[in-house]
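Enquirer: The file below is target22.txt, compact mmCIF, C-alpha atoms:
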# COMPACT_ATOMS: atom_id res chain seq x y z
CA MET A 15 0.00 0.00 0.00
CA ASN A 16 1.49 3.32 -1.09
CA ILE A 17 0.74 5.66 1.81
CA TYR A 18 2.49 9.01 1.79
CA LEU A 19 2.25 12.39 3.46
CA ALA A 20 1.65 15.10 0.90
CA ASN A 21 3.88 18.18 0.79
CA GLN A 22 1.74 20.40 2.94
CA GLU A 23 1.66 22.02 6.34
CA LEU A 24 1.68 19.46 9.14
CA PRO A 25 -1.84 18.44 10.20
CA ARG A 26 -3.33 19.84 13.39
CA ALA A 27 -3.07 16.52 15.19
CA GLU A 28 0.72 16.63 15.25
CA LEU A 29 1.05 20.38 15.82
CA VAL A 30 -0.37 20.17 19.34
CA TYR A 31 2.93 18.90 20.75
CA LYS A 32 4.75 22.05 21.82
CA GLN A 33 7.79 20.30 23.22
CA LYS A 34 10.00 17.35 22.45
CA THR A 35 8.27 14.18 23.55
CA GLY A 36 11.42 12.75 25.07
CA LEU A 37 11.14 9.19 23.78
CA SER A 38 13.18 7.63 20.98
CA GLN A 39 10.74 5.66 18.89
CA ALA A 40 13.54 3.63 17.32
CA GLU A 41 14.99 2.68 20.71
CA LEU A 42 11.61 1.71 22.11
CA LEU A 43 10.75 -0.34 19.04
CA PHE A 44 14.12 -2.10 19.11
CA HIS A 45 13.63 -3.03 22.77
CA TYR A 46 10.04 -4.10 22.14
CA ILE A 47 10.95 -6.38 19.22
CA HIS A 48 14.13 -7.90 20.61
CA HIS A 49 13.37 -8.08 24.34
CA THR A 50 9.67 -7.62 25.08
CA LEU A 51 8.06 -9.81 22.41
CA PRO A 52 10.19 -12.89 23.20
CA ARG A 53 9.16 -12.58 26.85
CA VAL A 54 5.51 -12.31 25.84
CA ASN A 55 5.76 -15.39 23.66
CA LYS A 56 7.37 -17.32 26.53
CA LEU A 57 4.53 -16.30 28.85
CA LEU A 58 1.95 -17.30 26.24
CA SER A 59 3.61 -20.70 25.94
CA ARG A 60 3.11 -21.15 29.65
CA TRP A 61 -0.60 -20.28 29.39
CA LYS A 62 -0.94 -22.63 26.44
CA ARG A 63 0.36 -25.45 28.64
CA GLU A 64 -2.14 -24.47 31.32
CA ALA A 65 -4.96 -24.36 28.76
CA GLN A 66 -4.18 -27.93 27.76
CA GLN A 67 -5.07 -28.98 31.33
CA CYS A 68 -8.74 -27.99 30.89
CA MET A 69 -10.68 -31.17 31.55
CA ASP A 70 -13.75 -30.22 29.51
CA MET A 71 -13.07 -30.59 25.77
CA GLU A 72 -15.05 -27.49 24.76
CA LEU A 73 -13.27 -25.32 27.32
CA ARG A 74 -9.90 -26.70 26.25
CA VAL A 75 -10.65 -25.95 22.60
CA GLN A 76 -11.74 -22.38 23.36
CA ALA A 77 -8.77 -21.77 25.66
CA LEU A 78 -6.26 -22.95 23.07
CA ASN A 79 -8.02 -21.19 20.19
CA SER A 80 -8.11 -17.89 22.09
CA ILE A 81 -4.33 -18.01 22.55
CA ALA A 82 -3.63 -19.11 18.98
CA GLY A 83 -5.98 -16.59 17.38
CA LYS A 84 -5.58 -13.59 19.67
CA ASP A 85 -1.95 -13.67 20.75
CA PHE A 86 -1.49 -10.28 19.07
CA HIS A 87 -3.64 -8.76 21.84
CA CYS A 88 -1.01 -9.71 24.40
CA GLN A 89 1.79 -8.70 22.06
CA GLY A 90 0.21 -5.28 21.58
CA GLY A 91 -0.66 -4.78 25.24
CA ALA A 92 2.90 -5.63 26.23
CA VAL A 93 4.15 -2.30 24.87
CA PHE A 94 2.68 -0.69 28.00
CA ALA A 95 5.36 -2.40 30.07
CA VAL A 96 8.24 -0.92 28.06
CA PRO A 97 8.25 2.58 29.67
CA TYR A 98 8.82 0.97 33.10
CA PRO A 99 12.10 -0.95 32.70
CA ASP A 100 12.50 -1.66 36.42
CA ARG A 101 9.09 -3.34 36.55
CA GLU A 102 8.77 -4.54 32.97
CA ASP A 103 8.82 -8.25 33.79
CA LEU A 104 6.17 -7.78 36.48
CA LEU A 105 3.93 -5.77 34.15
CA LEU A 106 4.34 -8.31 31.38
CA ARG A 107 3.21 -11.12 33.64
CA LEU A 108 0.19 -9.06 34.69
CA ILE A 109 -0.76 -7.83 31.22
CA VAL A 110 -0.38 -11.23 29.56
CA ALA A 111 -2.36 -13.06 32.26
CA TYR A 112 -5.15 -10.48 32.26
CA GLN A 113 -5.39 -10.20 28.47
CA THR A 114 -5.30 -13.98 28.06
CA LEU A 115 -8.19 -14.21 30.51
CA CYS A 116 -10.13 -11.56 28.55
CA ASP A 117 -9.57 -13.40 25.27
CA TYR A 118 -10.61 -16.74 26.76
CA LEU A 119 -13.80 -15.25 28.16
CA ASP A 120 -14.55 -13.63 24.81
CA ASN A 121 -14.33 -17.01 23.12
CA LEU A 122 -16.59 -18.59 25.74
CA CYS A 123 -19.22 -15.93 25.05
CA ASP A 124 -18.81 -15.83 21.29
CA ARG A 125 -18.06 -19.34 20.07
CA ALA A 126 -19.52 -21.96 22.39
CA ASP A 127 -23.22 -21.78 21.43
CA CYS A 128 -24.31 -19.99 24.59
CA TRP A 129 -26.36 -16.77 24.74
CA ASP A 130 -27.05 -16.60 28.46
CA GLY A 131 -26.29 -13.11 29.77
CA ARG A 132 -26.24 -14.33 33.37
CA ALA A 133 -23.62 -16.96 32.54
CA PHE A 134 -21.51 -14.33 30.74
CA ARG A 135 -21.64 -12.01 33.74
CA GLU A 136 -20.59 -14.79 36.11
CA LEU A 137 -17.66 -15.68 33.86
CA HIS A 138 -16.53 -12.05 33.70
CA GLN A 139 -16.63 -11.69 37.47
CA SER A 140 -13.20 -13.29 37.22
CA LEU A 141 -11.84 -10.01 35.79
CA ILE A 142 -12.90 -8.10 38.89
CA ASP A 143 -11.54 -10.85 41.13
CA ALA A 144 -8.24 -10.77 39.24
CA LEU A 145 -7.86 -7.06 39.98
CA THR A 146 -9.02 -7.20 43.60
CA PRO A 147 -6.51 -9.09 45.75
CA GLY A 148 -7.93 -10.43 48.99
CA MET A 149 -11.51 -10.73 47.77
CA ASP A 150 -13.16 -14.14 47.86
CA LYS A 151 -13.32 -15.76 44.43
CA HIS A 152 -16.65 -16.47 42.77
CA SER A 153 -18.06 -19.50 41.01
CA TYR A 154 -17.39 -18.48 37.42
CA TYR A 155 -19.04 -21.40 35.62
CA HIS A 156 -22.12 -21.65 37.84
CA THR A 157 -24.67 -21.29 35.01
CA TYR A 158 -22.38 -21.88 32.03
CA PRO A 159 -23.05 -25.12 30.12
CA TYR A 160 -19.41 -26.28 30.36
CA GLN A 161 -17.74 -26.51 33.73
CA ASN A 162 -14.38 -28.19 34.38
CA ASP A 163 -11.46 -26.01 33.27
CA GLY A 164 -8.89 -27.71 35.51
CA GLY A 165 -8.40 -24.46 37.42
CA TYR A 166 -7.50 -22.42 34.31
CA ILE A 167 -9.36 -19.23 35.26
CA ASP A 168 -8.24 -19.51 38.89
CA LYS A 169 -4.60 -19.67 37.80
CA MET A 170 -4.91 -16.49 35.73
CA VAL A 171 -6.75 -14.72 38.55
CA ASP A 172 -4.02 -15.73 41.00
CA GLU A 173 -1.27 -14.58 38.64
CA CYS A 174 -2.86 -11.13 38.32
CA ARG A 175 -3.34 -10.83 42.08
CA GLN A 176 0.26 -11.79 42.83
CA CYS A 177 1.52 -9.14 40.42
CA ILE A 178 -0.82 -6.45 41.73
CA GLU A 179 0.40 -6.96 45.28
CA GLU A 180 3.81 -5.76 44.08
CA LEU A 181 2.49 -2.48 42.61
CA PRO A 182 3.22 0.32 45.14
CA SER A 183 0.49 2.70 43.94
CA TYR A 184 -2.23 0.23 43.02
CA GLN A 185 -4.67 1.52 45.62
CA LEU A 186 -4.59 4.91 43.89
CA VAL A 187 -5.74 3.43 40.57
CA HIS A 188 -7.97 0.62 41.87
CA ARG A 189 -11.22 2.58 41.73
CA ASP A 190 -10.65 3.65 38.12
CA VAL A 191 -9.41 0.20 37.13
CA ILE A 192 -12.58 -1.42 38.43
CA GLY A 193 -14.67 1.25 36.71
CA LEU A 194 -13.05 0.43 33.37
CA VAL A 195 -13.51 -3.29 33.94
CA GLY A 196 -17.16 -2.71 34.77
CA LEU A 197 -17.70 -1.02 31.40
CA TYR A 198 -15.85 -3.82 29.63
CA ILE A 199 -18.02 -6.44 31.31
CA GLU A 200 -21.25 -4.64 30.44
CA LEU A 201 -20.19 -4.47 26.81
CA GLN A 202 -19.19 -8.15 26.68
CA VAL A 203 -22.42 -9.32 28.29
CA LYS A 204 -24.67 -7.19 26.10
CA LYS A 205 -22.71 -7.82 22.91
CA HIS A 206 -23.13 -11.59 23.15
CA ILE A 207 -26.77 -12.08 24.17
CA ALA A 208 -29.43 -13.21 21.66
CA TRP A 209 -29.53 -11.18 18.45
CA ASP A 210 -33.12 -10.00 18.91
CA LEU A 211 -32.09 -8.28 22.17
CA ARG A 212 -28.46 -7.40 21.50
CA GLU A 213 -28.57 -4.21 19.45
CA GLN A 214 -31.23 -2.31 21.40
CA THR A 215 -29.75 -3.39 24.73
CA LEU A 216 -26.36 -2.03 23.65
CA LYS A 217 -27.85 1.23 22.40
CA ASP A 218 -29.82 1.84 25.59
CA TRP A 219 -26.79 1.18 27.77
CA ALA A 220 -24.39 3.28 25.72
CA GLN A 221 -26.75 6.22 25.33
CA ALA A 222 -27.28 6.28 29.09
CA ASN A 223 -23.52 6.89 29.45
CA LEU A 224 -23.19 9.72 26.93
CA SER A 225 -23.93 12.44 29.50
CA TRP A 226 -20.46 11.95 30.99
CA ASN A 227 -18.89 11.37 27.58
CA PRO A 228 -19.89 14.46 25.58
CA GLY A 229 -18.90 14.66 21.95
CA ILE A 230 -19.18 10.98 21.06
CA LEU A 231 -21.89 8.72 19.66
CA TRP A 232 -23.38 5.63 21.27
CA ASN A 233 -21.47 3.20 19.04
CA GLU A 234 -18.24 5.07 19.84
CA PHE A 235 -18.81 4.76 23.57
CA ALA A 236 -19.50 1.05 23.21
CA ALA A 237 -16.31 0.64 21.18
CA SER A 238 -14.28 2.52 23.81
CA ALA A 239 -15.54 0.19 26.53
CA GLY A 240 -14.05 -2.78 24.66
CA SER A 241 -10.43 -1.59 24.89
CA THR A 242 -8.00 -2.64 27.63
CA LEU A 243 -5.46 0.11 26.82
CA ALA A 244 -6.61 2.54 29.52
CA LEU A 245 -6.36 -0.26 32.09
CA PHE A 246 -2.81 -1.10 31.05
CA ALA A 247 -1.83 2.57 31.15
CA LEU A 248 -3.10 2.86 34.74
CA LEU A 249 -1.33 -0.34 35.77
CA GLY A 250 1.87 1.19 34.47
CA LEU A 251 1.36 4.28 36.62
CA ALA A 252 0.75 2.00 39.61
CA THR A 253 4.34 0.74 39.38
CA ARG A 254 5.61 4.16 40.46
CA PRO A 255 5.55 5.05 44.17
CA ASP A 256 5.28 8.76 43.34
CA THR A 257 2.12 8.52 41.20
CA ASN A 258 -0.60 11.00 42.18
CA ARG A 259 -4.33 11.35 41.54
CA CYS A 260 -3.91 14.32 39.19
CA GLU A 261 -1.67 12.29 36.92
CA ILE A 262 -4.06 9.35 37.03
CA GLU A 263 -7.04 11.52 36.07
CA SER A 264 -5.15 13.07 33.15
CA MET A 265 -4.10 9.66 31.89
CA LEU A 266 -7.62 8.27 32.18
CA GLN A 267 -9.16 11.21 30.32
CA THR A 268 -6.61 10.83 27.56
CA TYR A 269 -7.36 7.16 27.03
CA PHE A 270 -11.08 6.99 27.68
CA PRO A 271 -12.91 7.40 25.42
CA TRP A 272 -10.39 8.81 22.91
CA ILE A 273 -7.43 6.47 22.49
CA CYS A 274 -9.57 3.49 23.55
CA GLY A 275 -12.26 4.45 21.05
CA LEU A 276 -9.73 4.88 18.25
CA HIS A 277 -8.28 1.46 19.11
CA ILE A 278 -11.50 -0.51 18.81
CA LEU A 279 -12.99 1.51 15.94
CA LEU A 280 -9.87 0.76 13.88
CA ASP A 281 -10.23 -2.91 14.82
CA TYR A 282 -13.79 -2.94 13.53
CA PHE A 283 -12.77 -0.87 10.48
CA ILE A 284 -10.47 -3.56 9.10
CA ASP A 285 -12.95 -6.37 9.95
CA GLN A 286 -15.88 -5.00 7.93
CA ASP A 287 -15.91 -7.65 5.20
CA GLU A 288 -15.67 -10.63 7.53
CA ASP A 289 -18.29 -9.17 9.88
CA ARG A 290 -20.71 -8.64 6.98
CA THR A 291 -20.10 -12.19 5.80
CA GLY A 292 -20.54 -13.61 9.30
CA GLY A 293 -23.48 -11.39 10.19
CA ASP A 294 -21.55 -10.07 13.20
CA LEU A 295 -22.06 -6.79 15.01
CA ASN A 296 -19.63 -4.07 13.89
CA PHE A 297 -19.71 -0.61 15.43
CA THR A 298 -18.56 1.10 12.21
CA PHE A 299 -21.77 -0.07 10.50
CA TYR A 300 -23.74 2.49 12.52
CA TYR A 301 -22.25 5.48 10.70
CA PRO A 302 -24.57 6.66 7.88
CA ASP A 303 -21.77 6.54 5.28
CA GLN A 304 -18.01 6.29 4.86
CA GLU A 305 -17.54 10.05 4.78
CA VAL A 306 -19.08 10.43 8.23
CA MET A 307 -17.07 7.48 9.52
CA ILE A 308 -13.76 8.97 8.34
CA ASP A 309 -14.67 12.36 9.78
CA ARG A 310 -15.41 10.76 13.15
CA PHE A 311 -12.12 8.84 13.04
CA LYS A 312 -10.33 12.14 12.42
CA THR A 313 -12.06 13.57 15.49
CA PHE A 314 -10.74 10.70 17.59
CA ILE A 315 -7.23 11.13 16.18
CA ARG A 316 -7.19 14.90 16.86
CA GLU A 317 -8.66 14.62 20.34
CA SER A 318 -6.35 11.75 21.28
CA HIS A 319 -3.31 13.80 20.25
CA ARG A 320 -4.62 16.95 21.93
CA ARG A 321 -5.13 15.24 25.25
CA ALA A 322 -1.89 13.28 25.03
CA SER A 323 0.02 16.51 24.42
CA GLN A 324 -1.15 17.82 27.80
CA LEU A 325 0.40 14.95 29.74
CA PRO A 326 3.66 15.66 31.61
CA ASN A 327 5.53 13.16 29.40
CA PRO A 328 3.46 12.76 26.22
CA GLY A 329 5.94 10.82 24.12
CA PHE A 330 4.69 7.33 24.85
CA GLU A 331 1.02 8.21 24.28
CA LYS A 332 1.93 9.92 21.00
CA MET A 333 3.56 6.68 19.90
CA VAL A 334 0.55 4.65 21.04
CA ILE A 335 -1.73 6.74 18.82
CA GLU A 336 0.64 6.55 15.87
CA GLY A 337 1.21 2.86 16.55
CA LEU A 338 -2.50 2.05 16.43
CA LEU A 339 -2.84 3.72 13.04
CA ALA A 340 0.29 1.99 11.76
CA MET A 341 -0.61 -1.44 13.11
CA TYR A 342 -4.12 -1.54 11.72
CA PHE A 343 -3.43 0.16 8.38
CA SER A 344 -0.46 -2.11 7.63
CA ASP A 345 -2.78 -5.10 7.94
CA LYS A 346 -3.38 -6.93 4.65
CA LYS A 347 -7.14 -6.57 5.20
CA VAL A 348 -6.86 -2.86 4.31
CA ARG A 349 -5.63 -3.49 0.79
CA LYS A 350 -7.94 -6.47 0.33
CA GLN A 351 -11.00 -4.31 1.06
CA GLY A 352 -9.86 -1.34 -1.02
CA PHE A 353 -9.41 0.94 1.99
CA ASN A 354 -6.02 2.36 0.91
CA GLN A 355 -7.24 5.89 0.29
CA MET A 356 -9.08 6.10 3.60
CA ALA A 357 -6.04 4.76 5.41
CA ARG A 358 -3.82 7.34 3.70
CA GLU A 359 -6.18 10.14 4.69
CA LEU A 360 -6.23 9.10 8.34
CA ILE A 361 -2.46 8.67 8.56
CA ASN A 362 -2.07 12.14 7.04
CA GLU A 363 -4.45 13.47 9.70
CA SER A 364 -2.12 12.26 12.43
CA GLY A 365 1.10 13.49 10.81
CA ARG A 366 4.64 12.48 9.94
CA GLY A 367 5.11 10.38 13.07
CA ALA A 368 2.25 8.09 12.05
CA LEU A 369 3.68 7.76 8.54
CA HIS A 370 7.10 6.87 9.90
CA THR A 371 5.61 4.32 12.30
CA TYR A 372 3.50 2.86 9.50
CA ARG A 373 6.61 2.25 7.41
CA ILE A 374 8.35 0.56 10.35
CA CYS A 375 5.29 -1.54 11.13
CA SER A 376 5.03 -2.70 7.52
CA VAL A 377 8.57 -4.08 7.81
CA VAL A 378 8.08 -5.54 11.29
CA ARG A 379 4.99 -7.47 10.13
CA LYS A 380 7.27 -9.53 7.92
CA PHE A 381 9.06 -10.90 10.97
CA ILE A 382 6.36 -11.43 13.64
Write out the structure in this file as structure tokens.
Expert:
Amino acid sequence: MNIYLANQELPRAELVYKQKTGLSQAELLFHYIHHTLPRVNKLLSRWKREAQQCMDMELRVQALNSIAGKDFHCQGGAVFAVPYPDREDLLLRLIVAYQTLCDYLDNLCDRADCWDGRAFRELHQSLIDALTPGMDKHSYYHTYPYQNDGGYIDKMVDECRQCIEELPSYQLVHRDVIGLVGLYIELQVKKHIAWDLREQTLKDWAQANLSWNPGILWNEFAASAGSTLALFALLGLATRPDTNRCEIESMLQTYFPWICGLHILLDYFIDQDEDRTGGDLNFTFYYPDQEVMIDRFKTFIRESHRRASQLPNPGFEKMVIEGLLAMYFSDKKVRKQGFNQMARELINESGRGALHTYRICSVVRKFI
């Protein structure tokens, strides 16, 4: 795909950064590729071995499939450990365990012929348990049709709890972490119930939350709720003993709904063909036309950059935004669906950093 930045004044999205961002993108990417990703793959191998211990065949299949088909979620989430070199290994254990649990639960809700909202909610209680050390665990499979996972969920919950107990500022972020998880659970439950109830239930829930999320649409709020990026950003802050509430609030408002929304909307953007074929829900389908969709994406890009630029050290968040655009638009699905021009327009909206990251990502995809 021939994406280029035209010879013109830099777009507004990149102009908001008034100071050097202080991070070397090349250095971070080198570390991520050569040090972080091998650690992630080693951790995923461990969880694959644990998944093979599921006694119920259906649960074992879904556990193994979720790792094989969604390992890129853990690989992408792992970048949030890179800015904290002293606690990188700890954060990687936490992020990989938590994201692997999310992906497993998603498969249980989406691919095991169950549409019981109560069962989905009980399964997802494990996410709250994982992030609340000391709380009694729940019975996650109580109403789910398949039961014996050989302790698979419990092991991931325990791994998360053990890591969290080593985070010096976790109590400062716990309230916001649980709030984000609550939104994620509501989305997952409502997104997987019977089709005749799903769409209206999602709309009613999302619209009820727009009063504290001005400037976005219901489908954009729902998309934002499906991202784990804000959670990982807060867990990173929790590794620092000097983290304060002001910094946490600024980080949260940068990620939710803006960077989180951009993340999941791009994910749905490249999955349009397969979702139409499979009859699956896709939040980009609720825009009246492609022109409106691209305009809304530009709004998310601009607002994400604007808010990131106001952080004390905005370099990493700038790279997250540019990395999302690069990662999704370098996917072969973009060319296959004829989305090259739209991808070019959105990369131009972000600026030269996104173009540079796109070129790097196109090369990296050949090796991972």
Enquirer: Quick one: of A:Arg290, A:Gln221, A:Asp130, A:Asp285, who's nearest to Lys350 (chain A), counting all atoms listed in the file?
Expert: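 With all atoms listed in the file as the atom set, the closest residue is A:Asp285.
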Enquirer: If you measure from CA of Leu325 (chain A) to CA of Val191 (chain A), what distance in Å do you get, rounded to one decimal?
Expert: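 According to the coordinates, CA of Leu325 (chain A) and CA of Val191 (chain A) are separated by 19.2 Å.
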Enquirer: Would you pick out the contacts of Arg135 (chain A) at 8 Å or less, using only C-alpha atoms, so that residues sharing its chain but fewer than 3 positions from it are not included, and give the list as a PyMOL selection string?
Expert: chain A and resi 131-132+138-139+199+203
Enquirer: Just the residues within 10 Å of Phe343 (chain A), please, counting only C-alpha atoms, with nothing from its chain fewer than 3 positions along; format it as a VMD selection string.
Expert: chain A and resid 15 17 280 to 281 283 to 284 337 to 340 346 to 349 353 to 354 356 to 358 360 to 361 372 375 to 376
Enquirer: For the selection you just gave me, I'd like the residues written to a file as a JSON list (two decimals), in the coordinates of the input, keeping C-alpha atoms.
Expert:
[["chain", "number", "residue", "atom", "x", "y", "z"],
["A", 15, "MET", "CA", 0.00, 0.00, 0.00],
["A", 17, "ILE", "CA", 0.74, 5.66, 1.81],
["A", 280, "LEU", "CA", -9.87, 0.76, 13.88],
["A", 281, "ASP", "CA", -10.23, -2.91, 14.82],
["A", 283, "PHE", "CA", -12.77, -0.87, 10.48],
["A", 284, "ILE", "CA", -10.47, -3.56, 9.10],
["A", 337, "GLY", "CA", 1.21, 2.86, 16.55],
["A", 338, "LEU", "CA", -2.50, 2.05, 16.43],
["A", 339, "LEU", "CA", -2.84, 3.72, 13.04],
["A", 340, "ALA", "CA", 0.29, 1.99, 11.76],
["A", 346, "LYS", "CA", -3.38, -6.93, 4.65],
["A", 347, "LYS", "CA", -7.14, -6.57, 5.20],
["A", 348, "VAL", "CA", -6.86, -2.86, 4.31],
["A", 349, "ARG", "CA", -5.63, -3.49, 0.79],
["A", 353, "PHE", "CA", -9.41, 0.94, 1.99],
["A", 354, "ASN", "CA", -6.02, 2.36, 0.91],
["A", 356, "MET", "CA", -9.08, 6.10, 3.60],
["A", 357, "ALA", "CA", -6.04, 4.76, 5.41],
["A", 358, "ARG", "CA", -3.82, 7.34, 3.70],
["A", 360, "LEU", "CA", -6.23, 9.10, 8.34],
["A", 361, "ILE", "CA", -2.46, 8.67, 8.56],
["A", 372, "TYR", "CA", 3.50, 2.86, 9.50],
["A", 375, "CYS", "CA", 5.29, -1.54, 11.13],
["A", 376, "SER", "CA", 5.03, -2.70, 7.52]]
Enquirer: Out of A:Glu363, A:Asp294, A:Asp163, A:Glu336, which residue has the shortest atom-to-atom distance to Ile308 (chain A) when counting only C-alpha atoms?
Expert: A:Glu363
Enquirer: In Å, how far is it from CA of Thr268 (chain A) to CA of Gln324 (chain A)?
Expert: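 These atoms are spaced 8.9 Å apart.
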Enquirer: I need the residue nearest Pro182 (chain A) from this list: A:Trp226, A:Leu197, A:Ala252, A:Leu231. Use all atoms listed in the file for the distance.
Expert: A:Ala252
Enquirer: Determine the nearest neighbour of Ile315 (chain A) from the options A:Gly365, A:Gly240, A:Gly293, A:Gly329, counting only C-alpha atoms.
Expert: A:Gly365
Enquirer: Name the closest residue to Asp168 (chain A) among the candidates A:Phe134, A:Gly83, A:Ala65, A:Ala236; distances are taken between atoms, counting all atoms listed in the file.
Expert: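 When distances to Asp168 (chain A) are compared using all atoms listed in the file, the smallest one comes from A:Ala65.
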Enquirer: Identify which of the residues A:Ile167, A:Met71, A:Val30, A:Ala95 lies closest to Cys116 (chain A), counting all atoms listed in the file when measuring atom-to-atom distances.
Expert: A:Ile167
Enquirer: Given the point (-11.1, 12.6, 31.8) in the coordinates of this file, which residues lie within 12 Å, counting all atoms listed in the file, and how would they look as an MDAnalysis selection string?
Expert: chainID A and resid 190 226:228 244 259:273 317:318 321:322 324:325
